[in-house]
Amino acid sequence: MIVDLDRDRFALRPSYDVCVVGAGPVGMTIAAELLDRGASVVVVESGDVVPRASRTRLAAGEVVGDDRFGPLETKVHRAVGGTSWLWENALPGGVQGVRHTVIEPAVLERHRDDGRNWPYDAAELAALTTRALHRAGVVVDVDRLQPLPSPHLPGLDQGRYVFGPRRQFQLDGLGAMLARGATVLVNATAVALATRYGGPRDALDQVTLRSAQGRQATIRATTFVLAAGTVENTRFAWMLGSMLPGVRSNRAIGTGIMDRPRLTGELVLADDPPAWLAAFGLHLDGGIPSMDRFLVPAGPVRDGAPSCSLLPAPAPATSRARHWIERWTKRSLIAAPTTFEQRIADHVGSRTARAMIGANQRSYPARSWVYERLASHSFDLEWSAWPAHRAWRRTRTWAVTSIIEQFPHPANRLELSGRRDPHGRPLPRLLWGRPIERAGSVDAALGIASTAVADAGLGRLTWPDQGFDSVSSCHLMGSLPMGDDPMRSATEPSGRLRGTANVYMAGSCLFPTGGHSNPTLTAMALAVATADHIVATPTPLEVPVPAAG
């Protein structure tokens with residue numbers, strides 16, 4: 001059953017086994033895992049089935065200490081599917097895709113050694129990741145994603161991305177949850193939490209929801225999973241801290257926030273591009289859309305160097321006029337329909353909005369086909385299907401995009417501000433007390449890549465002297481780090497928030513370190529582990545609701 005809190009009449013159960021707050025990729029994963037085990041599950045989503053600009057504006061907050069970061073609300077989407085609506089990767093056949101990969105074992109080993117440990121070693125995480133790939137609609141052996149020494153550039157490692165259908169986390173994913181018996185409430189923002197009446201002081205009993213029009217509902221559940229994104233999960237943790245003494249004493253809440261800065265270098269080849277470079281563009285490998293990547297090798301990363309990936313793509317010289325035409329073509333055919341539908345969705349009913357989104361998705365293959373033929377002289381720097389165009393074989397100037405690890409630092413944190421959102425809740429404040437800069441360790445890691453390129457005789461790889469292209473990749477991580485040490489971790493290895501008996505956090509907020517890789521697949525893997533723990537844990541004692549009067 002799907003319920004729009006703004007419009008629909010409905011009847012809820014007196015209580016559910018599990019209430020999942022947030023219907024993004026992580027929330028959908030944990031709900032599906034629990035539904036498969038027979039649990040009664042209600043999923044609460046602050047946005048609609050499709051993105052609406054008015055709902056996404058609820059993600060607003062303050063950013064202090066780094067003007068380069070940009071507004072918080074531009075980093076997320078509030079809708080079923082969450083931030084997956086921001087991922088616009090064109091796959092073969094015109095399908096909109098999502099890029100997946102794994103965090104390098106070297107990053108995990110480094111942080112298991114220094115006390116900021118991951119509870120799972122590489123083998124355990126690989127087994128969980130295999131199950132997460134299934135939920136993402138990708139059938140591939142996870143070992144094929146693990147980095148190995150590069151056969152082409154000694155001195156670097158080489159790994160792989162795979163792509164799955166974006167709709168797996170949106171309308172298709174919603175349909176799968178409903179078919180399993182889930183109740184999904186949309187346009188329902190969690191505005192208040194209440195502890196268990198007459199029960200233990202560390203247990204949550206109910207969550208109060210409110211729509212944009214002021215309609216309210218209350219959900220009671222035995223177990224609560226907060227999968228609303230890093231910022232929102234941390235805001236919930238602070239709200240719980242005002243009620244539960246155990247959470248109030250949890251000193252690790254909000255600490256160690258991270259993102260992934262980006263920098264583009266220039267690779268000038270000594271000769272025509274070798275054929276093996278085609279594997280670093282979007283291509284089909286055994287029928288699965290894939291793309292290789294270079295990485296800083298495991299040895300320096302274990303020793304403390306930031307991990308980073310290197311994504312080469314041809315950068316043919318074009319005239320200013322041609323460059324403008326291609327940019328205009330991409331905005332018109334790819335970006336504009338999506339922006340238009342999200343703005344119009346605020347002014348039409350849910351059914352009309354869903355029909356618009358469906359029409360946009362059905363027209364995407366045709367629009368993508370037209371764009372490729374009108375803009376065949378330009379190549380996206382990361383996931384374009386440039387190997388399909390012969391022009392790259394004669395291009396000796398390439399762009400190399402590097403995505404770089406940001407180390408967690410105590411001065412970078414999420415907290416609550418004095419301002420309030422339209423529902424009366426304190427707004428989040430993202431404090432960059434130690435903004436990421438081009439420090440010696442970052443330049444040293446990039447220098448490893450330049451040296452490997454030169455030593456192999458491939459050409460010359462250079463980097464800009466100052467700054468980054470961007471300090472954010474829309475992947476905030478940390479702030480509720482998991483681990484075994486109560487002094488250094490806000491959450492237990494299972495994801496349970498310290499100081500609570502029945503509240504679990506899910507998502508990349510759990511990461512004690514981020515690495516540079518796309519975190520969604522790993523966050524889904526951790527959600528699988530949390531679902532296993534919830535199923536295996538005896539439920540807290542049920543306490544009846546007090547009689548009226």
# chains A, B, ... in the order shown; residues from 1 in each chain; ligands from 1
>>> closest_atom_pairs(of="stretch 136-243 of chain A", to="stretch 472-475 of chain A", cutoff="12 Å", atoms="only C-alpha atoms", output="CSV")
residue,atom,partner,partner_atom,distance
A:Gly229,CA,A:His475,CA,9.6
A:Thr230,CA,A:His475,CA,8.9
A:Val231,CA,A:His475,CA,10.8
>>> write_last_selection(atoms="all heavy atoms", output="CSV table (one decimal), in the first residue's frame")
chain,number,residue,atom,x,y,z
A,229,GLY,N,19.6,9.6,5.1
A,229,GLY,CA,20.8,10.4,4.6
A,229,GLY,C,21.6,10.9,5.8
A,229,GLY,O,21.2,11.0,6.9
A,230,THR,N,22.9,11.2,5.5
A,230,THR,CA,23.8,11.5,6.5
A,230,THR,C,23.4,12.7,7.3
A,230,THR,O,23.4,12.7,8.6
A,230,THR,CB,25.2,11.8,5.9
A,230,THR,OG1,25.7,10.6,5.3
A,230,THR,CG2,26.2,12.4,6.9
A,231,VAL,N,22.9,13.8,6.7
A,231,VAL,CA,22.6,15.0,7.4
A,231,VAL,C,21.3,14.7,8.2
A,231,VAL,O,21.3,15.1,9.4
A,231,VAL,CB,22.3,16.2,6.4
A,231,VAL,CG1,21.8,17.4,7.2
A,231,VAL,CG2,23.6,16.5,5.7
>>> closest_atom_pairs(of="stretch 453-508 of chain A", to="stretch 272-294 of chain A", cutoff="12 Å", atoms="only C-alpha atoms", output="JSON lines")
{"residue": "A:Val453", "atom": "CA", "partner": "A:Phe294", "partner_atom": "CA", "distance": 11.0}
{"residue": "A:Gly457", "atom": "CA", "partner": "A:Pro274", "partner_atom": "CA", "distance": 11.6}
{"residue": "A:Leu458", "atom": "CA", "partner": "A:Pro273", "partner_atom": "CA", "distance": 8.6}
{"residue": "A:Gly459", "atom": "CA", "partner": "A:Pro273", "partner_atom": "CA", "distance": 10.0}
>>> closest_residue(among="A:Ala237, A:Ile344, A:Ala31, A:Val442", to="A:Leu178", atoms="only C-alpha atoms")
A:Ala31
>>> atom_distance(atom1="atom CA of A:Leu267", atom2="atom CA of A:Trp398")
4.9 Å
>>> closest_residue(among="A:Ala39, A:Ala212, A:Leu204, A:Cys509", to="A:Leu480", atoms="only C-alpha atoms")
A:Cys509
>>> select_by_dssp(residues="stretch 83-252 of chain A", states="helix (DSSP H, G or I)", output="ChimeraX atom specification")
/A:83-86,105-113,122-135,142-145,166-169,171-179,230-241,245-248
>>> residues_around(residues="stretch 66-83 of chain A", least_positions_apart="4", cutoff="8 Å", atoms="only C-alpha atoms", output="PyMOL selection string")
chain A and resi 22-25+45-52+55-62+87+169-171+173-174+186+432+435+470-472+474-475
>>> write_last_selection(atoms="C-alpha atoms", output="PDB file, in the first residue's frame")
ATOM      1  CA  GLY A  22      13.897   7.176   4.176  1.00  0.00           C
ATOM      2  CA  ALA A  23      13.181   5.483   0.841  1.00  0.00           C
ATOM      3  CA  GLY A  24      16.522   5.985  -0.897  1.00  0.00           C
ATOM      4  CA  PRO A  25      18.731   3.102  -2.100  1.00  0.00           C
ATOM      5  CA  GLU A  45       9.531   9.149   2.934  1.00  0.00           C
ATOM      6  CA  SER A  46       9.573  12.924   3.359  1.00  0.00           C
ATOM      7  CA  GLY A  47       9.351  13.437  -0.412  1.00  0.00           C
ATOM      8  CA  ASP A  48       6.886  12.173  -2.976  1.00  0.00           C
ATOM      9  CA  VAL A  49       7.083   9.180  -5.296  1.00  0.00           C
ATOM     10  CA  VAL A  50       8.840  11.547  -7.714  1.00  0.00           C
ATOM     11  CA  PRO A  51      10.990  14.601  -6.927  1.00  0.00           C
ATOM     12  CA  ARG A  52       9.274  17.871  -6.094  1.00  0.00           C
ATOM     13  CA  ARG A  55      10.098  18.812  -0.753  1.00  0.00           C
ATOM     14  CA  THR A  56      13.802  18.934  -1.582  1.00  0.00           C
ATOM     15  CA  ARG A  57      13.966  22.446  -0.099  1.00  0.00           C
ATOM     16  CA  LEU A  58      13.298  20.801   3.288  1.00  0.00           C
ATOM     17  CA  ALA A  59      16.922  19.596   3.118  1.00  0.00           C
ATOM     18  CA  ALA A  60      18.169  23.155   3.590  1.00  0.00           C
ATOM     19  CA  GLY A  61      20.677  23.886   6.335  1.00  0.00           C
ATOM     20  CA  GLU A  62      23.660  26.040   7.204  1.00  0.00           C
ATOM     21  CA  TRP A  87      22.682  10.258 -10.972  1.00  0.00           C
ATOM     22  CA  PHE A 169      15.742   2.548  -6.713  1.00  0.00           C
ATOM     23  CA  GLN A 170      12.768   4.515  -8.012  1.00  0.00           C
ATOM     24  CA  LEU A 171       9.449   3.422  -9.499  1.00  0.00           C
ATOM     25  CA  GLY A 173      11.950  -0.466  -6.556  1.00  0.00           C
ATOM     26  CA  LEU A 174       8.777   0.995  -5.119  1.00  0.00           C
ATOM     27  CA  VAL A 186       5.105   9.620   1.105  1.00  0.00           C
ATOM     28  CA  TRP A 432      33.993  22.677   8.151  1.00  0.00           C
ATOM     29  CA  PRO A 435      38.372  22.405   5.119  1.00  0.00           C
ATOM     30  CA  SER A 470      35.094  20.788  -6.588  1.00  0.00           C
ATOM     31  CA  VAL A 471      35.217  19.871  -2.891  1.00  0.00           C
ATOM     32  CA  SER A 472      31.990  17.837  -3.022  1.00  0.00           C
ATOM     33  CA  CYS A 474      27.263  14.878  -3.332  1.00  0.00           C
ATOM     34  CA  HIS A 475      28.374  11.980  -1.124  1.00  0.00           C
TER      35      HIS A 475
END
>>> residues_around(residues="stretch 222-227 of chain A", least_positions_apart="5", cutoff="10 Å", atoms="only C-alpha atoms", output="PyMOL selection string")
chain A and resi 15-31+41-45+196+203-207+232-234+236-237+495-497+501-509+527+530-531+534+539-543
>>> closest_residue(among="A:Arg180, A:Thr339, A:Ala454, A:Pro422", to="A:Arg37", atoms="only C-alpha atoms")
A:Arg180
>>> closest_residue(among="A:Leu374, A:Leu311, A:Leu108, A:Val3", to="A:Gly265", atoms="only C-alpha atoms")
A:Leu311
>>> atom_distance(atom1="atom CA of A:Ile357", atom2="atom CA of A:Pro337")
9.4 Å
>>> select_by_dssp(residues="stretch 181-338 of chain A", states="strand (DSSP E or B)", output="VMD selection string")
chain A and resid 183 to 186 189 to 195 204 to 210 216 to 226 255 to 258 262 to 269 283 to 285 288 to 295 308 to 314
>>> atom_distance(atom1="atom CA of A:Ala355", atom2="atom CA of A:Ala90")
21.2 Å
>>> closest_residue(among="A:Leu430, A:Ala444, A:Leu526, A:Leu263", to="A:Ala399", atoms="only C-alpha atoms")
A:Leu263
>>> closest_residue(among="A:Leu510, A:Leu86, A:Ala194, A:Leu156", to="A:Met477", atoms="only C-alpha atoms")
A:Leu510
